[in-house]
Amino acid sequence: MRRFLPAVLAVALATGAHAQGVTDTEIKIGGSTALTGPGALVGIAHDLGEKIATAEINAAGGINGRKVVRVFEDDGYVPARTVTSVRKLLDVDKVLAITASSGTASTLAALPMMEEQGVPALQTAAPNTVMFSPMHKTLFVVGRAYGPGTTDFVKFLAARKPGAKFLAIVQDDDYGDDVQSGYEKAIGDLKLTTVGVLRYKRGQKDFAAEVLKAKQLGATVIVSGGIIAENVTIAKEARRVGLEAEIAMLWSGRLPQTIDLMGEAGNGIIAADYVGDFDEGPGKALFEKARAYLTPEELTKLNRYSLTGYVGARLLFDAIGRCGREVTRACVVAKLETTSNLDMAGLTSPISFTPDSRISDLKLRYTILDWSKKAWVPIN
Amino acid sequence: MPASLIRHRHPAQRRAVPLLPFAVLAAIGLPYAANAYALGFATTILITAIGVVGFNVLTGWTGLVSLGYAGFFAVGAYTQGVLATRFGWPLLATLPAAAIVAAAVSVLVGAPSLRLRGLYLAITTLAFSAIISHVILLAKPLTGGSRGLSVARPSVLGVPLRSDAAIFWLCAAGLVLAVWLAGNIRRSYLGRAFFAVRDAETAAGVLGVNVIRAKLLAFALSSAITGFAGALFALHQRYLNVENFELLLSIEAVSILIVGGIGSVAGVIAGTVFMVLLPEMARLAVNAIGGPLAEMAGGQEIRGVMYGLVIILFLRFAPGGLIDFWTRGRAWLRRWPRTG
């Protein structure tokens, strides 16, 4: 066999021995998100963000002359289906990297498979602590971790409203744990006044009890740790019972669709996010560019998750590009972990990773919902 | 197989004997011929079939309508996950333990449900599934709570079960065991007691069947097999999260029974193959048709519509399920020269 090895290597080099998902002309990437069901609001938007980034890079000649091809699977936000989808992407579609998997549970479900094969993977929608601590070699998380993000947010709210009485309403899961720990850290750091932390069951629909409790305790700032529907319900319930407290929420619920759902009750809600909006600044410029790549119907489905999807795809393309013509999974992982201050044209703060860290802690920006404009307006 | 031996077997077994070598060859050869994706599908089919074979004992044979399938499946899965990962138990201990724990839990649910039938029992078992979900979330030190639990793949007699092929063969052996067990129960006194309770509970009691014992045993046997399937699911998936065991899983089990043919073990297997492959077939069909159909939400919603449509069509036009097609087709072929 040793006699034939040089010949085999020579043939392999001559014919272009590439990593899985890479040919002379193409680089194939894949993702699995919820394109149907309640999670589709997030999944479709993410898919469209990646679609813009892919169309943009292909229009510019691809990555080192190779066109990017995307394959997207629907997992309906069900972890078991994510495993099947990712298995298909890796073994049938033969993708190089995985750019998305619905949420925390879905990503963790597919992680053993991705780690075994050394697949570079991104998570841009759910920057949960469990994703990056302990560190997983091939999984890169873009965003602001929920815990530190909540700490920053509460400190911002405290500076804005001195002497406020804080209260947090959090979900009884890992997301809620992160939010609660971040909340308690801020309270402890600044010695703020807290009137309590109320935990609710995941899937809860009625928040009358929690809001009445907040009113009874005299809360003047409520940190609403729901996801989408929960934040809407808490805001509407607070207005219904005449609770004058300021309501603050993290990025997961900061969607154009929630403005309509909350109606006037949402006026004045403060939100924190690590990406901007499509109706102002760099987001607006991207929206104009997206007109060339998306249908009018698709444009209406864009939201913050399109921006996270776009940013994630740009990050991956940058790492692949730095591998030159010899693209391998190991190279992409190595380039991702040495990403330093990658400029995202103002859509997010610059992205960095290190060999010891898999979370790119992005800077938060704060917005307030202006019902008359039906828009999230930046707070200086 | 000598004719003398075949003569002593049940007719269904006799019909299956010539197919056995092909099934064994297919089971051995598939991991070498199929890619990991196809093998993953095949493993999912095997696990689902084992679970629904168990579910069939309770709902198909004993007539006790249950929506607790997801709960018993979860109990088996988490028993496997917790014992293997947290306590390092070997596979030969965790698999029986998963079946035993699921059976024990089912007796706890079954006992207060003995006087309930139909929708009332269905809702009780549904409530049980909800309780199991909450217990999993509360038992965070063991189950990982909402973060889930990574499941270690253990060794069998010193041989590590790391590859997907090894899990596939384990599941294939599990299905053979489940079908053999179900077939023997069906032909035993106990199996006949189950059918008697289903068809005429009062008459069964008058004829000497201990109805309470029969119902409890139906719960226990059904859950043991379903729990065993859950344990295999844990090994296959390698990660457990409470979101994997939602109501949809129980609905899927009921759908497989209906599509396959309620009460038939062969129907369960046919129904499982059909229902597990249907979304994939729908995807391929939508992609083949292409055009606006595939463009519409990436064809995903169309897949869901096709899935639902097939179930409705079965309920309306073929309530006997796939097994009924097979039986009628075979009868028609037997008469064929005469009937034209």
# chains A, B, ... in the order shown; residues from 1 in each chain; ligands from 1
call {"tool": "residues_around", "arguments": {"residues": "A:Trp376", "least_positions_apart": "4", "cutoff": "12 Å", "atoms": "only C-alpha atoms", "output": "short mmCIF file (atom, residue, chain, number, x, y, z; two decimals) with C-alpha atoms, in the first residue's frame"}}
result
data_model
loop_
_atom_site.label_atom_id
_atom_site.label_comp_id
_atom_site.auth_asym_id
_atom_site.auth_seq_id
_atom_site.Cartn_x
_atom_site.Cartn_y
_atom_site.Cartn_z
CA TRP A 251 -34.55 40.61 22.50
CA GLY A 253 -39.81 39.28 21.81
CA ARG A 254 -38.59 42.33 19.94
CA LEU A 255 -40.33 41.61 16.63
CA PRO A 256 -42.46 43.77 14.34
CA GLN A 257 -45.18 41.16 14.74
CA THR A 258 -45.31 41.64 18.53
CA ILE A 259 -46.02 45.35 18.06
CA GLY A 266 -47.01 47.96 24.16
CA ASN A 267 -46.35 51.70 24.02
CA GLY A 268 -43.28 52.56 26.10
CA ILE A 269 -41.96 49.03 26.49
CA ILE A 270 -38.18 49.00 26.65
CA ALA A 271 -36.19 46.26 24.96
CA ALA A 272 -32.54 45.23 24.79
CA ASP A 273 -31.00 43.60 21.73
CA GLY A 276 -30.49 46.61 15.14
CA ASP A 277 -33.69 47.05 13.19
CA PHE A 278 -34.65 46.95 9.53
CA ASP A 279 -36.25 50.38 9.67
CA GLU A 280 -33.25 52.45 10.71
CA ASN A 303 -37.35 40.54 11.67
CA ARG A 304 -34.42 40.61 14.11
CA ARG A 365 -28.52 48.50 22.34
CA TYR A 366 -31.76 49.69 23.87
CA THR A 367 -35.00 50.66 22.19
CA ILE A 368 -38.42 51.87 23.27
CA LEU A 369 -41.62 50.97 21.53
CA ASP A 370 -43.31 53.99 20.00
CA TRP A 371 -46.86 52.92 19.25
CA SER A 372 -47.62 56.02 17.18
#
call {"tool": "residues_around", "arguments": {"residues": "A:Ile320", "least_positions_apart": "5", "cutoff": "8 Å", "atoms": "only C-alpha atoms", "output": "ChimeraX atom specification"}}
result
/A:63,327,331-332,335
call {"tool": "closest_residue", "arguments": {"among": "B:Ala193, B:Leu137, B:Ala130, B:Val211", "to": "chain A", "atoms": "only C-alpha atoms"}}
result
B:Leu137
call {"tool": "residues_around", "arguments": {"residues": "B:Arg198", "least_positions_apart": "6", "cutoff": "10 Å", "atoms": "only C-alpha atoms", "output": "list in words"}}
result
Leu58, Thr59, Gly60, Trp61, Thr62, Gly63, Leu64, Arg192, Ala204 and Lys215 of chain B
call {"tool": "write_last_selection", "arguments": {"atoms": "C-alpha atoms", "output": "JSON list (two decimals), in the first residue's frame"}}
result
[["chain", "number", "residue", "atom", "x", "y", "z"],
["B", 58, "LEU", "CA", -53.45, -1.70, 25.81],
["B", 59, "THR", "CA", -55.52, 0.08, 23.19],
["B", 60, "GLY", "CA", -55.75, -2.46, 20.36],
["B", 61, "TRP", "CA", -56.28, -5.64, 22.36],
["B", 62, "THR", "CA", -57.78, -4.50, 25.66],
["B", 63, "GLY", "CA", -59.73, -1.56, 24.26],
["B", 64, "LEU", "CA", -58.40, 0.91, 26.84],
["B", 192, "ARG", "CA", -57.72, -13.93, 25.19],
["B", 204, "ALA", "CA", -65.78, -11.61, 30.46],
["B", 215, "LYS", "CA", -56.56, -4.45, 32.83]]
call {"tool": "closest_residue", "arguments": {"among": "B:Gly230, B:Pro96, B:Gly40, B:Gly267", "to": "chain A", "atoms": "only C-alpha atoms"}}
result
B:Gly40
call {"tool": "interface_residues", "arguments": {"of": "chain B", "to": "chain A", "cutoff": "7 Å", "atoms": "only C-alpha atoms", "output": "tab-separated table (two decimals) with all heavy atoms, in the first residue's frame"}}
result
chain	number	residue	atom	x	y	z
B	35	ASN	N	-26.76	4.90	3.90
B	35	ASN	CA	-26.01	5.99	4.53
B	35	ASN	C	-26.60	6.24	5.93
B	35	ASN	O	-27.63	5.67	6.30
B	35	ASN	CB	-26.01	7.25	3.68
B	35	ASN	CG	-27.41	7.78	3.43
B	35	ASN	OD1	-28.31	7.58	4.23
B	35	ASN	ND2	-27.60	8.45	2.30
B	36	ALA	N	-25.96	7.11	6.69
B	36	ALA	CA	-26.36	7.32	8.08
B	36	ALA	C	-27.78	7.87	8.19
B	36	ALA	O	-28.51	7.55	9.13
B	36	ALA	CB	-25.38	8.27	8.76
B	37	TYR	N	-28.16	8.68	7.20
B	37	TYR	CA	-29.51	9.26	7.23
B	37	TYR	C	-30.57	8.17	7.08
B	37	TYR	O	-31.52	8.09	7.86
B	37	TYR	CB	-29.63	10.29	6.11
B	37	TYR	CG	-30.98	10.92	5.99
B	37	TYR	CD1	-31.55	11.61	7.06
B	37	TYR	CD2	-31.70	10.85	4.80
B	37	TYR	CE1	-32.79	12.20	6.94
B	37	TYR	CE2	-32.95	11.44	4.68
B	37	TYR	CZ	-33.49	12.12	5.76
B	37	TYR	OH	-34.72	12.71	5.64
B	146	SER	N	-34.99	21.34	32.27
B	146	SER	CA	-35.30	21.83	30.92
B	146	SER	C	-34.07	21.85	30.02
B	146	SER	O	-34.18	21.96	28.81
B	146	SER	CB	-35.90	23.23	31.01
B	146	SER	OG	-34.97	24.09	31.62
B	147	ARG	N	-32.87	21.76	30.62
B	147	ARG	CA	-31.66	21.73	29.78
B	147	ARG	C	-31.50	20.40	29.08
B	147	ARG	O	-30.78	20.28	28.11
B	147	ARG	CB	-30.42	21.96	30.65
B	147	ARG	CG	-30.28	23.38	31.07
B	147	ARG	CD	-28.96	23.67	31.70
B	147	ARG	NE	-28.94	25.07	32.05
B	147	ARG	CZ	-27.85	25.73	32.38
B	147	ARG	NH1	-26.70	25.12	32.41
B	147	ARG	NH2	-27.90	26.99	32.68
B	239	TYR	N	-29.55	12.38	23.39
B	239	TYR	CA	-29.88	13.59	24.14
B	239	TYR	C	-31.38	13.56	24.42
B	239	TYR	O	-32.18	13.33	23.51
B	239	TYR	CB	-29.53	14.84	23.33
B	239	TYR	CG	-30.01	16.12	23.98
B	239	TYR	CD1	-29.33	16.66	25.07
B	239	TYR	CD2	-31.16	16.76	23.53
B	239	TYR	CE1	-29.78	17.82	25.67
B	239	TYR	CE2	-31.61	17.92	24.12
B	239	TYR	CZ	-30.92	18.45	25.19
B	239	TYR	OH	-31.37	19.59	25.80
B	241	ASN	N	-34.75	15.52	26.05
B	241	ASN	CA	-35.33	16.77	26.51
B	241	ASN	C	-36.82	16.56	26.58
B	241	ASN	O	-37.39	15.82	25.76
B	241	ASN	CB	-35.00	17.89	25.51
B	241	ASN	CG	-35.42	19.24	26.05
B	241	ASN	OD1	-36.60	19.57	26.09
B	241	ASN	ND2	-34.46	20.02	26.48
B	243	GLU	N	-39.13	18.19	25.66
B	243	GLU	CA	-39.85	18.58	24.43
B	243	GLU	C	-40.01	17.42	23.45
B	243	GLU	O	-40.80	17.49	22.51
B	243	GLU	CB	-39.11	19.74	23.74
B	243	GLU	CG	-39.23	21.04	24.49
B	243	GLU	CD	-38.36	22.14	23.91
B	243	GLU	OE1	-38.01	22.07	22.73
B	243	GLU	OE2	-38.01	23.06	24.65
B	244	ASN	N	-39.23	16.36	23.65
B	244	ASN	CA	-39.36	15.19	22.76
B	244	ASN	C	-40.59	14.35	23.07
B	244	ASN	O	-40.93	13.46	22.31
B	244	ASN	CB	-38.13	14.29	22.91
B	244	ASN	CG	-36.96	14.79	22.11
B	244	ASN	OD1	-37.13	15.31	21.02
B	244	ASN	ND2	-35.78	14.66	22.67
B	300	GLN	N	-43.03	23.03	2.97
B	300	GLN	CA	-43.17	22.41	4.28
B	300	GLN	C	-44.64	22.27	4.70
B	300	GLN	O	-45.05	21.23	5.20
B	300	GLN	CB	-42.42	23.23	5.34
B	300	GLN	CG	-40.97	23.47	5.04
B	300	GLN	CD	-40.18	22.18	5.00
B	300	GLN	OE1	-40.47	21.26	5.75
B	300	GLN	NE2	-39.21	22.11	4.13
B	301	GLU	N	-45.40	23.32	4.49
B	301	GLU	CA	-46.80	23.26	4.90
B	301	GLU	C	-47.56	22.21	4.09
B	301	GLU	O	-48.44	21.54	4.60
B	301	GLU	CB	-47.47	24.64	4.73
B	301	GLU	CG	-46.82	25.76	5.55
B	301	GLU	CD	-47.03	25.62	7.05
B	301	GLU	OE1	-47.64	24.64	7.48
B	301	GLU	OE2	-46.55	26.51	7.78
call {"tool": "residues_around", "arguments": {"residues": "A:Lys289", "least_positions_apart": "3", "cutoff": "12 Å", "atoms": "only C-alpha atoms", "output": "list in words"}}
result
Gly49, Ile52, Ala53, Ala55, Glu56, Ala59, Phe278, Pro282, Gly283, Lys284, Ala285, Leu286, Ala292, Tyr293, Leu294 and Leu299 of chain A
call {"tool": "write_last_selection", "arguments": {"atoms": "N, CA, C and O atoms", "output": "mmCIF file, in the first residue's frame"}}
result
data_model
loop_
_atom_site.group_PDB
_atom_site.id
_atom_site.type_symbol
_atom_site.label_atom_id
_atom_site.label_comp_id
_atom_site.auth_asym_id
_atom_site.auth_seq_id
_atom_site.Cartn_x
_atom_site.Cartn_y
_atom_site.Cartn_z
ATOM 1 N N GLY A 49 -32.644 35.725 6.339
ATOM 2 C CA GLY A 49 -31.400 36.469 6.605
ATOM 3 C C GLY A 49 -30.209 35.787 5.950
ATOM 4 O O GLY A 49 -29.360 36.433 5.322
ATOM 5 N N ILE A 52 -30.269 36.265 2.185
ATOM 6 C CA ILE A 52 -29.725 37.564 1.740
ATOM 7 C C ILE A 52 -28.196 37.487 1.707
ATOM 8 O O ILE A 52 -27.564 37.866 0.713
ATOM 9 N N ALA A 53 -27.610 36.974 2.796
ATOM 10 C CA ALA A 53 -26.141 36.917 2.881
ATOM 11 C C ALA A 53 -25.562 36.047 1.772
ATOM 12 O O ALA A 53 -24.527 36.380 1.175
ATOM 13 N N ALA A 55 -27.016 35.277 -1.188
ATOM 14 C CA ALA A 55 -27.204 35.929 -2.496
ATOM 15 C C ALA A 55 -26.172 37.033 -2.682
ATOM 16 O O ALA A 55 -25.604 37.202 -3.774
ATOM 17 N N GLU A 56 -25.916 37.743 -1.596
ATOM 18 C CA GLU A 56 -24.973 38.866 -1.643
ATOM 19 C C GLU A 56 -23.561 38.366 -1.978
ATOM 20 O O GLU A 56 -22.896 38.915 -2.876
ATOM 21 N N ALA A 59 -23.351 37.046 -5.497
ATOM 22 C CA ALA A 59 -23.349 38.142 -6.470
ATOM 23 C C ALA A 59 -21.961 38.783 -6.578
ATOM 24 O O ALA A 59 -21.582 39.319 -7.621
ATOM 25 N N PHE A 278 -34.617 46.781 10.981
ATOM 26 C CA PHE A 278 -34.646 46.949 9.531
ATOM 27 C C PHE A 278 -35.161 48.322 9.107
ATOM 28 O O PHE A 278 -35.135 48.645 7.931
ATOM 29 N N PRO A 282 -28.061 50.886 9.664
ATOM 30 C CA PRO A 282 -27.505 49.823 8.816
ATOM 31 C C PRO A 282 -28.552 48.769 8.415
ATOM 32 O O PRO A 282 -28.478 48.197 7.328
ATOM 33 N N GLY A 283 -29.526 48.539 9.306
ATOM 34 C CA GLY A 283 -30.578 47.575 8.999
ATOM 35 C C GLY A 283 -31.403 48.018 7.804
ATOM 36 O O GLY A 283 -31.779 47.217 6.945
ATOM 37 N N LYS A 284 -31.661 49.323 7.738
ATOM 38 C CA LYS A 284 -32.458 49.875 6.637
ATOM 39 C C LYS A 284 -31.696 49.701 5.308
ATOM 40 O O LYS A 284 -32.295 49.352 4.281
ATOM 41 N N ALA A 285 -30.385 49.938 5.372
ATOM 42 C CA ALA A 285 -29.569 49.770 4.157
ATOM 43 C C ALA A 285 -29.610 48.312 3.697
ATOM 44 O O ALA A 285 -29.702 48.034 2.492
ATOM 45 N N LEU A 286 -29.570 47.396 4.660
ATOM 46 C CA LEU A 286 -29.629 45.975 4.299
ATOM 47 C C LEU A 286 -30.996 45.632 3.699
ATOM 48 O O LEU A 286 -31.090 44.861 2.744
ATOM 49 N N ALA A 292 -33.486 43.161 -3.777
ATOM 50 C CA ALA A 292 -33.015 42.504 -5.006
ATOM 51 C C ALA A 292 -33.041 40.980 -4.888
ATOM 52 O O ALA A 292 -33.052 40.276 -5.890
ATOM 53 N N TYR A 293 -33.052 40.481 -3.664
ATOM 54 C CA TYR A 293 -32.907 39.031 -3.467
ATOM 55 C C TYR A 293 -34.168 38.335 -2.953
ATOM 56 O O TYR A 293 -34.268 37.121 -3.049
ATOM 57 N N LEU A 294 -35.071 39.108 -2.386
ATOM 58 C CA LEU A 294 -36.265 38.497 -1.789
ATOM 59 C C LEU A 294 -37.523 38.958 -2.510
ATOM 60 O O LEU A 294 -37.555 40.037 -3.101
ATOM 61 N N LEU A 299 -40.093 39.823 2.083
ATOM 62 C CA LEU A 299 -39.645 41.040 2.786
ATOM 63 C C LEU A 299 -40.495 41.326 4.022
ATOM 64 O O LEU A 299 -40.013 41.839 5.026
#
call {"tool": "atom_distance", "arguments": {"atom1": "atom CA of B:Ala99", "atom2": "atom CA of B:Leu232"}}
result
10.8 Å
call {"tool": "atom_distance", "arguments": {"atom1": "atom CA of B:Gly260", "atom2": "atom CA of B:Leu39"}}
result
22.3 Å
call {"tool": "closest_residue", "arguments": {"among": "B:Ile323, B:Leu207, B:Val82, B:Leu91", "to": "B:Leu142", "atoms": "only C-alpha atoms"}}
result
B:Val82
call {"tool": "select_by_dssp", "arguments": {"residues": "stretch 230-298 of chain A", "states": "strand (DSSP E)", "output": "PyMOL selection string"}}
result
chain A and resi 246-249+270-273
